[in-house]
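Participant: Structure provided below as structure tokens; questions to follow.
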Amino acid sequence: MPKKTPVYVTQPLLPDLQDFLPYLETIWENKVLTNAGPFHQQLEQALCDYLGVKHICLFANGTLALMTALQALRISGEVITTPYSFVATAHSLLWNGIKPVFVDVDPVTLNLDPGKIEAAITPHTTAIMPVHCYGQPCDVASIEKIADNYNLKVIYDAAHAFGVRHQGTSVLNYGDLSVISFHATKIFNTFEGGAIICPDAKTKLRIDRLKNFGFVDEVTVVAAGINGKMSEINAAFGLLQLKGIDAAREQRRAIDAAYRVQLAGVPGIHCLTAGEGDAANHAYFPILVGPAYPLSRDQLFGALREQEIYARRYFYPLISDFPMYRDMPSAAPARLPIAQRASSQVICLPIYPGLADDIVAAIVAIIAAPFTTTIDS
Ligand code: T4K
């Protein structure tokens with residue numbers, strides 16, 4: 001029997017290699033490899049136009065962008081955040097000497113539950129760092145209200161939210177700053193990359209200095225900055241990627257729709273849905289494996305792996321269960337029951353441009369197998 005081709009949770013969007021060569025030739029001619037070169041400038045403008053945002057600061061990756069966003073707003077003390085995310089969210093706080101305070105998530109969106117934020121605010125709280133998990137917008141209006149009442153900053157970890165719109169505008173326009181990732185696994189990638197979206201030119205200038213060691217000019221350093229710059233090769237690749245992004249998003253939309261139709265009749269499998277007035281980006285296809293399903297989440301995860309379907313349990317374990325966080329009072333599992341439940345039920349199914357219809361059908365068949373077996377026998 002021929003060996004099956006493994007199917008991963010995602011596969012990066014890659015343009016034709018031939019189409020990238022002219023960009024490389026330009027770099028070779030210019031000899032500008034980094035430090036806010038021409039492709040860097042062009043990509044910033046192109047992304048502002050595509051995303052519908054005012055200012056964008058490109059970074060070498062999303063984690064450096066998160067760390068720098070916290071520095072830019074001079075955040076310290078305690079920051080309220082979600083345990084249901086990728087570790088980089090809370091790690092960016094620890095790297096800044098900030099204490100993360102975990103608050104449980106909403107059962108429908110799996111994003112930070114605004115109803116539980118106020119109880120976690122202390123005199124040391126300076127900011128909230130929510131995550132638009134899977135690109136699903138947070139309850140931005142409620143979060144803004146709380147932040148205004150308590151004079152807190154809001155930095156959205158919008159790593160998953162490329163192109164997502166909420167109430168007619170980019171979701172990246174909410175909060176004081178938003179941070180996005182262009183990692184290989186994201187819907188728009190620059191191999192590695194990320195950005196901070198900010199509302200005004202003054203903040204952009206501060207961030208641009210912070211990501212370049214704090215330099216203002218050859219002899220002036222105004223802050224203890226870092227090297228967070230995106231290189232010309234990554235920026236050039238981003239410009240080329242933008243040309244194919246709408247087609248790629250359309251393919252994701254179709255795969256998302258196919259999963260939903262085919263999984264609709266499978267008892268115990270719940271698909272997360274976008275909120276009203278939101279335009280999703282179909283970055284992930286998370287399902288929750290509930291008690292009505294005959295197998296546990298991990299049994300289903302194992303059954304998929306047996307067929308070389310490498311789905312992922314984003315986000316299991318919870319950030320709050322990792323060793324550097326689990327002794328914090330806010331990390332106690334009893335305080336985070338919704339996040340704990342979601343983390344024990346979630347599987348992100350493969351979704352990426354080029355994922356064939358018959359593979360989607362085969363994945364659904366594995367998920368539906370416990371029922372078909374019962375009917376047949
Ligand atoms: N905040 C949030 C909420 C995030 O989700 C992330 C990153 C960040 C912040 C930080 O942003 P960055 O600093 O990363 O820009 C992946 C990514 O490494 C990570 O970027 C992402 N979130 C996270 C959710 O997923 P892993 O450990 O699952 O990646 P990995 O290497 O296992 O890749 C998953 C699958 O993708 C592989 O099985 C195959 C496929 N793949 C992956 C890579 C890297 C490819 O086909 N080609 C590739 O080059 O973390």
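Each chain in the structure tokens gets a letter, A, B, ..., in the order shown, and its residues are numbered from 1; ligands are numbered from 1 in order too.
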Which protein, DNA or RNA residues have an atom within 7 Å of ligand 1, counting only C-alpha atoms and all ligand atoms, as a PDB file with N, CA and C atoms, in the first residue's frame?

Facilitator:
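Generated output (out37.pdb):
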ATOM      1  N   TYR A   8      -0.622  18.386   7.697  1.00  0.00           N
ATOM      2  CA  TYR A   8      -0.333  19.179   8.886  1.00  0.00           C
ATOM      3  C   TYR A   8      -1.434  20.203   9.137  1.00  0.00           C
ATOM      4  N   VAL A   9      -1.423  20.764  10.328  1.00  0.00           N
ATOM      5  CA  VAL A   9      -2.452  21.733  10.706  1.00  0.00           C
ATOM      6  C   VAL A   9      -2.446  22.924   9.755  1.00  0.00           C
ATOM      7  N   THR A  10      -1.270  23.233   9.249  1.00  0.00           N
ATOM      8  CA  THR A  10      -1.173  24.300   8.261  1.00  0.00           C
ATOM      9  C   THR A  10       0.002  24.054   7.336  1.00  0.00           C
ATOM     10  N   GLN A  11       0.007  24.787   6.258  1.00  0.00           N
ATOM     11  CA  GLN A  11       1.114  24.753   5.308  1.00  0.00           C
ATOM     12  C   GLN A  11       1.278  26.195   4.852  1.00  0.00           C
ATOM     13  N   PRO A  12       2.514  26.689   4.816  1.00  0.00           N
ATOM     14  CA  PRO A  12       2.658  28.120   4.519  1.00  0.00           C
ATOM     15  C   PRO A  12       2.235  28.476   3.108  1.00  0.00           C
ATOM     16  N   ASN A  61       9.686  39.412  14.349  1.00  0.00           N
ATOM     17  CA  ASN A  61       8.673  38.401  14.689  1.00  0.00           C
ATOM     18  C   ASN A  61       7.649  39.016  15.643  1.00  0.00           C
ATOM     19  N   GLY A  62       6.580  38.299  15.880  1.00  0.00           N
ATOM     20  CA  GLY A  62       5.499  38.822  16.708  1.00  0.00           C
ATOM     21  C   GLY A  62       5.874  38.943  18.176  1.00  0.00           C
ATOM     22  N   THR A  63       6.741  38.050  18.644  1.00  0.00           N
ATOM     23  CA  THR A  63       7.099  38.067  20.068  1.00  0.00           C
ATOM     24  C   THR A  63       7.900  39.327  20.403  1.00  0.00           C
ATOM     25  N   LEU A  64       8.860  39.663  19.552  1.00  0.00           N
ATOM     26  CA  LEU A  64       9.619  40.911  19.767  1.00  0.00           C
ATOM     27  C   LEU A  64       8.687  42.117  19.692  1.00  0.00           C
ATOM     28  N   SER A  85      -3.945  30.862  25.167  1.00  0.00           N
ATOM     29  CA  SER A  85      -3.206  31.479  24.064  1.00  0.00           C
ATOM     30  C   SER A  85      -1.894  30.740  23.904  1.00  0.00           C
ATOM     31  N   PHE A  86      -1.112  31.203  22.942  1.00  0.00           N
ATOM     32  CA  PHE A  86       0.246  30.694  22.751  1.00  0.00           C
ATOM     33  C   PHE A  86       1.128  31.322  23.825  1.00  0.00           C
ATOM     34  N   ALA A  88       3.781  32.845  23.957  1.00  0.00           N
ATOM     35  CA  ALA A  88       4.432  34.142  23.708  1.00  0.00           C
ATOM     36  C   ALA A  88       3.670  35.294  24.365  1.00  0.00           C
ATOM     37  N   THR A  89       2.351  35.160  24.493  1.00  0.00           N
ATOM     38  CA  THR A  89       1.550  36.241  25.081  1.00  0.00           C
ATOM     39  C   THR A  89       2.080  36.559  26.480  1.00  0.00           C
ATOM     40  N   VAL A 131      -6.293  38.557  23.818  1.00  0.00           N
ATOM     41  CA  VAL A 131      -5.889  37.918  22.550  1.00  0.00           C
ATOM     42  C   VAL A 131      -7.145  37.708  21.706  1.00  0.00           C
ATOM     43  N   CYS A 133      -8.292  35.374  19.894  1.00  0.00           N
ATOM     44  CA  CYS A 133      -7.882  33.985  19.671  1.00  0.00           C
ATOM     45  C   CYS A 133      -8.509  33.418  18.395  1.00  0.00           C
ATOM     46  N   ASP A 157      -3.044  41.276  21.706  1.00  0.00           N
ATOM     47  CA  ASP A 157      -2.255  40.288  20.986  1.00  0.00           C
ATOM     48  C   ASP A 157      -3.157  39.828  19.842  1.00  0.00           C
ATOM     49  N   ALA A 158      -2.892  40.407  18.668  1.00  0.00           N
ATOM     50  CA  ALA A 158      -3.720  40.134  17.495  1.00  0.00           C
ATOM     51  C   ALA A 158      -2.956  39.237  16.516  1.00  0.00           C
ATOM     52  N   ALA A 159      -2.081  38.390  17.086  1.00  0.00           N
ATOM     53  CA  ALA A 159      -1.218  37.532  16.251  1.00  0.00           C
ATOM     54  C   ALA A 159      -2.009  36.773  15.194  1.00  0.00           C
ATOM     55  N   HIS A 160      -3.259  36.389  15.521  1.00  0.00           N
ATOM     56  CA  HIS A 160      -4.057  35.565  14.593  1.00  0.00           C
ATOM     57  C   HIS A 160      -4.988  36.391  13.714  1.00  0.00           C
ATOM     58  N   SER A 181       1.288  38.750  14.042  1.00  0.00           N
ATOM     59  CA  SER A 181       2.410  37.867  13.674  1.00  0.00           C
ATOM     60  C   SER A 181       2.334  37.507  12.201  1.00  0.00           C
ATOM     61  N   PHE A 182       3.501  37.481  11.571  1.00  0.00           N
ATOM     62  CA  PHE A 182       3.607  37.032  10.173  1.00  0.00           C
ATOM     63  C   PHE A 182       4.447  35.754  10.114  1.00  0.00           C
ATOM     64  N   HIS A 183       4.351  34.938  11.171  1.00  0.00           N
ATOM     65  CA  HIS A 183       5.099  33.673  11.199  1.00  0.00           C
ATOM     66  C   HIS A 183       4.633  32.748  10.071  1.00  0.00           C
ATOM     67  N   ALA A 184       5.493  31.823   9.707  1.00  0.00           N
ATOM     68  CA  ALA A 184       5.205  30.865   8.623  1.00  0.00           C
ATOM     69  C   ALA A 184       3.830  30.209   8.743  1.00  0.00           C
ATOM     70  N   THR A 185       3.350  30.035   9.971  1.00  0.00           N
ATOM     71  CA  THR A 185       2.078  29.336  10.184  1.00  0.00           C
ATOM     72  C   THR A 185       0.866  30.270  10.109  1.00  0.00           C
ATOM     73  N   GLU A 192       9.404  34.640   8.958  1.00  0.00           N
ATOM     74  CA  GLU A 192       9.221  35.137  10.322  1.00  0.00           C
ATOM     75  C   GLU A 192       8.852  36.607  10.170  1.00  0.00           C
ATOM     76  N   GLY A 193       8.087  37.123  11.097  1.00  0.00           N
ATOM     77  CA  GLY A 193       7.778  38.543  11.043  1.00  0.00           C
ATOM     78  C   GLY A 193       6.640  38.886  11.974  1.00  0.00           C
ATOM     79  N   GLY A 194       6.463  40.175  12.152  1.00  0.00           N
ATOM     80  CA  GLY A 194       5.366  40.647  12.995  1.00  0.00           C
ATOM     81  C   GLY A 194       5.277  42.149  12.875  1.00  0.00           C
ATOM     82  N   TYR A 310      -2.041  15.520  11.141  1.00  0.00           N
ATOM     83  CA  TYR A 310      -1.391  16.147  12.291  1.00  0.00           C
ATOM     84  C   TYR A 310      -2.128  17.424  12.695  1.00  0.00           C
ATOM     85  N   TYR A 314      -4.278  23.465  19.857  1.00  0.00           N
ATOM     86  CA  TYR A 314      -4.103  24.872  20.250  1.00  0.00           C
ATOM     87  C   TYR A 314      -5.332  25.298  21.024  1.00  0.00           C
TER      88      TYR A 314
END

Participant: Which segment 54-99 of chain A residues have any atom within 9 Å of an atom of segment 170-177 of chain A, and for each, what is the nearest pair of atoms with distance in Å to one decimal, counting only C-alpha atoms, rows sorted by chain and number, as a tab-separated table?

Facilitator:
residue	atom	partner	partner_atom	distance
A:Lys54	CA	A:Asn173	CA	8.3
A:Ala69	CA	A:Leu177	CA	7.1
A:Leu73	CA	A:Asp176	CA	8.6

Participant: Against segment 201-217 of chain A, which residues of segment 13-38 of chain A fall within 12 Å? For each one I want the closest pair of atoms and the distance in Å (one decimal), counting only C-alpha atoms, rows by chain and increasing residue number, as JSON lines.

Facilitator:
{"residue": "A:Thr34", "atom": "CA", "partner": "A:Asn212", "partner_atom": "CA", "distance": 10.9}
{"residue": "A:Asn35", "atom": "CA", "partner": "A:Asn212", "partner_atom": "CA", "distance": 7.9}
{"residue": "A:Ala36", "atom": "CA", "partner": "A:Asp208", "partner_atom": "CA", "distance": 9.2}

Participant: Fewer than 4 positions away in the same chain doesn't count, so skip those; otherwise give me all residues within 7 Å of Ile197 of chain A, counting only C-alpha atoms, as JSON, numbers by chain.

Facilitator: {"A": [55, 56, 57, 172, 177, 178, 179]}

Participant: Measuring atom to atom with only C-alpha atoms, identify which of A:Ala369, A:Leu349, A:Leu47, A:Ile146 is nearest to Ala283 of chain A.

Facilitator: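 For Ala283 of chain A, the nearest of the given residues is A:Leu349.
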
Participant: Give me, as a ChimeraX atom specification, all polymer residues having an atom no more than 6 Å from segment 286-290 of chain A, counting only C-alpha atoms and skipping those fewer than 5 positions away in the same chain.

Facilitator: /A:268-271,297,345-348

Participant: Please produce an output containing all heavy atoms for each residue in the selection, written as a PDB file, in the first residue's frame.

Facilitator:
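Below is the file result.pdb, written as the result:
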ATOM      1  N   GLY A 268     -21.712  15.933  19.389  1.00  0.00           N
ATOM      2  CA  GLY A 268     -20.607  16.176  20.322  1.00  0.00           C
ATOM      3  C   GLY A 268     -19.471  17.002  19.745  1.00  0.00           C
ATOM      4  O   GLY A 268     -18.530  17.345  20.452  1.00  0.00           O
ATOM      5  N   ILE A 269     -19.543  17.319  18.454  1.00  0.00           N
ATOM      6  CA  ILE A 269     -18.490  18.152  17.841  1.00  0.00           C
ATOM      7  C   ILE A 269     -19.055  19.552  17.636  1.00  0.00           C
ATOM      8  O   ILE A 269     -20.063  19.739  16.954  1.00  0.00           O
ATOM      9  CB  ILE A 269     -18.031  17.562  16.479  1.00  0.00           C
ATOM     10  CG1 ILE A 269     -17.420  16.181  16.672  1.00  0.00           C
ATOM     11  CG2 ILE A 269     -17.056  18.524  15.776  1.00  0.00           C
ATOM     12  CD1 ILE A 269     -16.129  16.132  17.462  1.00  0.00           C
ATOM     13  N   HIS A 270     -18.382  20.516  18.248  1.00  0.00           N
ATOM     14  CA  HIS A 270     -18.844  21.905  18.174  1.00  0.00           C
ATOM     15  C   HIS A 270     -17.813  22.740  17.411  1.00  0.00           C
ATOM     16  O   HIS A 270     -16.627  22.730  17.747  1.00  0.00           O
ATOM     17  CB  HIS A 270     -19.041  22.455  19.592  1.00  0.00           C
ATOM     18  CG  HIS A 270     -19.325  23.915  19.613  1.00  0.00           C
ATOM     19  ND1 HIS A 270     -20.532  24.446  19.221  1.00  0.00           N
ATOM     20  CD2 HIS A 270     -18.540  24.978  19.961  1.00  0.00           C
ATOM     21  CE1 HIS A 270     -20.493  25.759  19.342  1.00  0.00           C
ATOM     22  NE2 HIS A 270     -19.296  26.111  19.778  1.00  0.00           N
ATOM     23  N   CYS A 271     -18.281  23.460  16.381  1.00  0.00           N
ATOM     24  CA  CYS A 271     -17.383  24.365  15.643  1.00  0.00           C
ATOM     25  C   CYS A 271     -17.582  25.784  16.165  1.00  0.00           C
ATOM     26  O   CYS A 271     -18.722  26.227  16.310  1.00  0.00           O
ATOM     27  CB  CYS A 271     -17.710  24.365  14.146  1.00  0.00           C
ATOM     28  SG  CYS A 271     -17.725  22.740  13.388  1.00  0.00           S
ATOM     29  N   ARG A 297     -11.145  13.827  23.632  1.00  0.00           N
ATOM     30  CA  ARG A 297     -10.408  14.666  22.683  1.00  0.00           C
ATOM     31  C   ARG A 297      -9.093  13.995  22.294  1.00  0.00           C
ATOM     32  O   ARG A 297      -8.733  13.939  21.122  1.00  0.00           O
ATOM     33  CB  ARG A 297     -10.178  16.047  23.296  1.00  0.00           C
ATOM     34  CG  ARG A 297      -9.532  17.074  22.372  1.00  0.00           C
ATOM     35  CD  ARG A 297      -8.024  17.027  22.303  1.00  0.00           C
ATOM     36  NE  ARG A 297      -7.371  17.079  23.583  1.00  0.00           N
ATOM     37  CZ  ARG A 297      -7.017  18.211  24.206  1.00  0.00           C
ATOM     38  NH1 ARG A 297      -7.254  19.376  23.666  1.00  0.00           N
ATOM     39  NH2 ARG A 297      -6.397  18.162  25.379  1.00  0.00           N
ATOM     40  N   GLN A 345     -10.743  20.174  25.395  1.00  0.00           N
ATOM     41  CA  GLN A 345     -11.662  19.723  24.343  1.00  0.00           C
ATOM     42  C   GLN A 345     -11.218  20.099  22.929  1.00  0.00           C
ATOM     43  O   GLN A 345     -11.734  19.573  21.956  1.00  0.00           O
ATOM     44  CB  GLN A 345     -13.058  20.346  24.571  1.00  0.00           C
ATOM     45  CG  GLN A 345     -13.767  19.844  25.813  1.00  0.00           C
ATOM     46  CD  GLN A 345     -15.183  20.401  25.927  1.00  0.00           C
ATOM     47  OE1 GLN A 345     -15.501  21.435  25.351  1.00  0.00           O
ATOM     48  NE2 GLN A 345     -16.021  19.703  26.687  1.00  0.00           N
ATOM     49  N   VAL A 346     -10.271  21.042  22.817  1.00  0.00           N
ATOM     50  CA  VAL A 346     -10.026  21.637  21.493  1.00  0.00           C
ATOM     51  C   VAL A 346      -9.104  20.795  20.600  1.00  0.00           C
ATOM     52  O   VAL A 346      -8.161  20.162  21.070  1.00  0.00           O
ATOM     53  CB  VAL A 346      -9.438  23.058  21.647  1.00  0.00           C
ATOM     54  CG1 VAL A 346      -7.993  23.028  22.136  1.00  0.00           C
ATOM     55  CG2 VAL A 346      -9.533  23.835  20.345  1.00  0.00           C
ATOM     56  N   ILE A 347      -9.452  20.793  19.334  1.00  0.00           N
ATOM     57  CA  ILE A 347      -8.525  20.322  18.282  1.00  0.00           C
ATOM     58  C   ILE A 347      -8.639  21.320  17.129  1.00  0.00           C
ATOM     59  O   ILE A 347      -9.748  21.627  16.680  1.00  0.00           O
ATOM     60  CB  ILE A 347      -8.885  18.914  17.747  1.00  0.00           C
ATOM     61  CG1 ILE A 347      -8.819  17.856  18.852  1.00  0.00           C
ATOM     62  CG2 ILE A 347      -7.946  18.527  16.601  1.00  0.00           C
ATOM     63  CD1 ILE A 347      -9.110  16.432  18.368  1.00  0.00           C
ATOM     64  N   CYS A 348      -7.503  21.812  16.651  1.00  0.00           N
ATOM     65  CA  CYS A 348      -7.509  22.651  15.448  1.00  0.00           C
ATOM     66  C   CYS A 348      -7.246  21.750  14.243  1.00  0.00           C
ATOM     67  O   CYS A 348      -6.197  21.096  14.159  1.00  0.00           O
ATOM     68  CB  CYS A 348      -6.451  23.753  15.551  1.00  0.00           C
ATOM     69  SG  CYS A 348      -6.931  25.062  16.682  1.00  0.00           S
TER      70      CYS A 348
END

Participant: Choose the residue, out of A:Cys198, A:Leu300, A:Val79, A:Ala248, that has the smallest atom-to-atom separation from Lys153 of chain A; count only C-alpha atoms.

Facilitator: A:Val79

Participant: Could you please write out, as number ranges by chain, every residue of segment 122-341 of chain A that DSSP assigns to alpha helix (DSSP H)?

Facilitator: A: 140-150, 201-210, 232-263, 297-306, 337-341

Participant: Applying 10 Å and only C-alpha atoms, which residues near Val360 of chain A remain after dropping the ones on its own chain fewer than 2 positions away? List them as a PDB file with C-alpha atoms, in the first residue's frame.

Facilitator:
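Full text of part20.pdb as output:
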ATOM      1  CA  ILE A 255     -12.522  24.933   3.424  1.00  0.00           C
ATOM      2  CA  ASP A 256     -14.060  26.416   6.571  1.00  0.00           C
ATOM      3  CA  ALA A 258     -16.936  22.590   3.863  1.00  0.00           C
ATOM      4  CA  TYR A 259     -15.930  21.515   7.384  1.00  0.00           C
ATOM      5  CA  GLN A 262     -19.860  18.106   6.826  1.00  0.00           C
ATOM      6  CA  LEU A 349      -8.120  20.838  12.178  1.00  0.00           C
ATOM      7  CA  PRO A 350      -5.909  21.387   9.110  1.00  0.00           C
ATOM      8  CA  ILE A 351      -6.816  24.476   7.098  1.00  0.00           C
ATOM      9  CA  LEU A 355      -5.943  21.573   1.182  1.00  0.00           C
ATOM     10  CA  ALA A 356      -7.928  19.322  -1.150  1.00  0.00           C
ATOM     11  CA  ASP A 357     -11.671  18.690  -0.767  1.00  0.00           C
ATOM     12  CA  ASP A 358     -11.118  14.929  -0.525  1.00  0.00           C
ATOM     13  CA  ALA A 362     -11.341  12.140   4.814  1.00  0.00           C
ATOM     14  CA  ILE A 363     -10.713  14.136   8.016  1.00  0.00           C
ATOM     15  CA  VAL A 364     -14.455  14.452   8.615  1.00  0.00           C
ATOM     16  CA  ALA A 365     -14.834  10.697   7.956  1.00  0.00           C
TER      17      ALA A 365
END

Participant: Within 9 Å of Thr273 of chain A, counting only C-alpha atoms, which residues show up once you throw out same-chain ones fewer than 3 positions away? Write them as a ChimeraX atom specification, please.

Facilitator: /A:108-109,136

Participant: So which residues touch Pro137 of chain A within 7 Å, counting only C-alpha atoms, skipping near sequence neighbours fewer than 2 positions away, as a PyMOL selection string?

Facilitator: chain A and resi 132+135+139+166+171

Participant: Could you tell me which of A:Leu240, A:Ile80, A:Val154, A:Ile226 comes closest to Gln18 of chain A if we count only C-alpha atoms?

Facilitator: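 Going through A:Leu240, A:Ile80, A:Val154, A:Ile226 one by one, the smallest distance to Gln18 of chain A is for A:Leu240.
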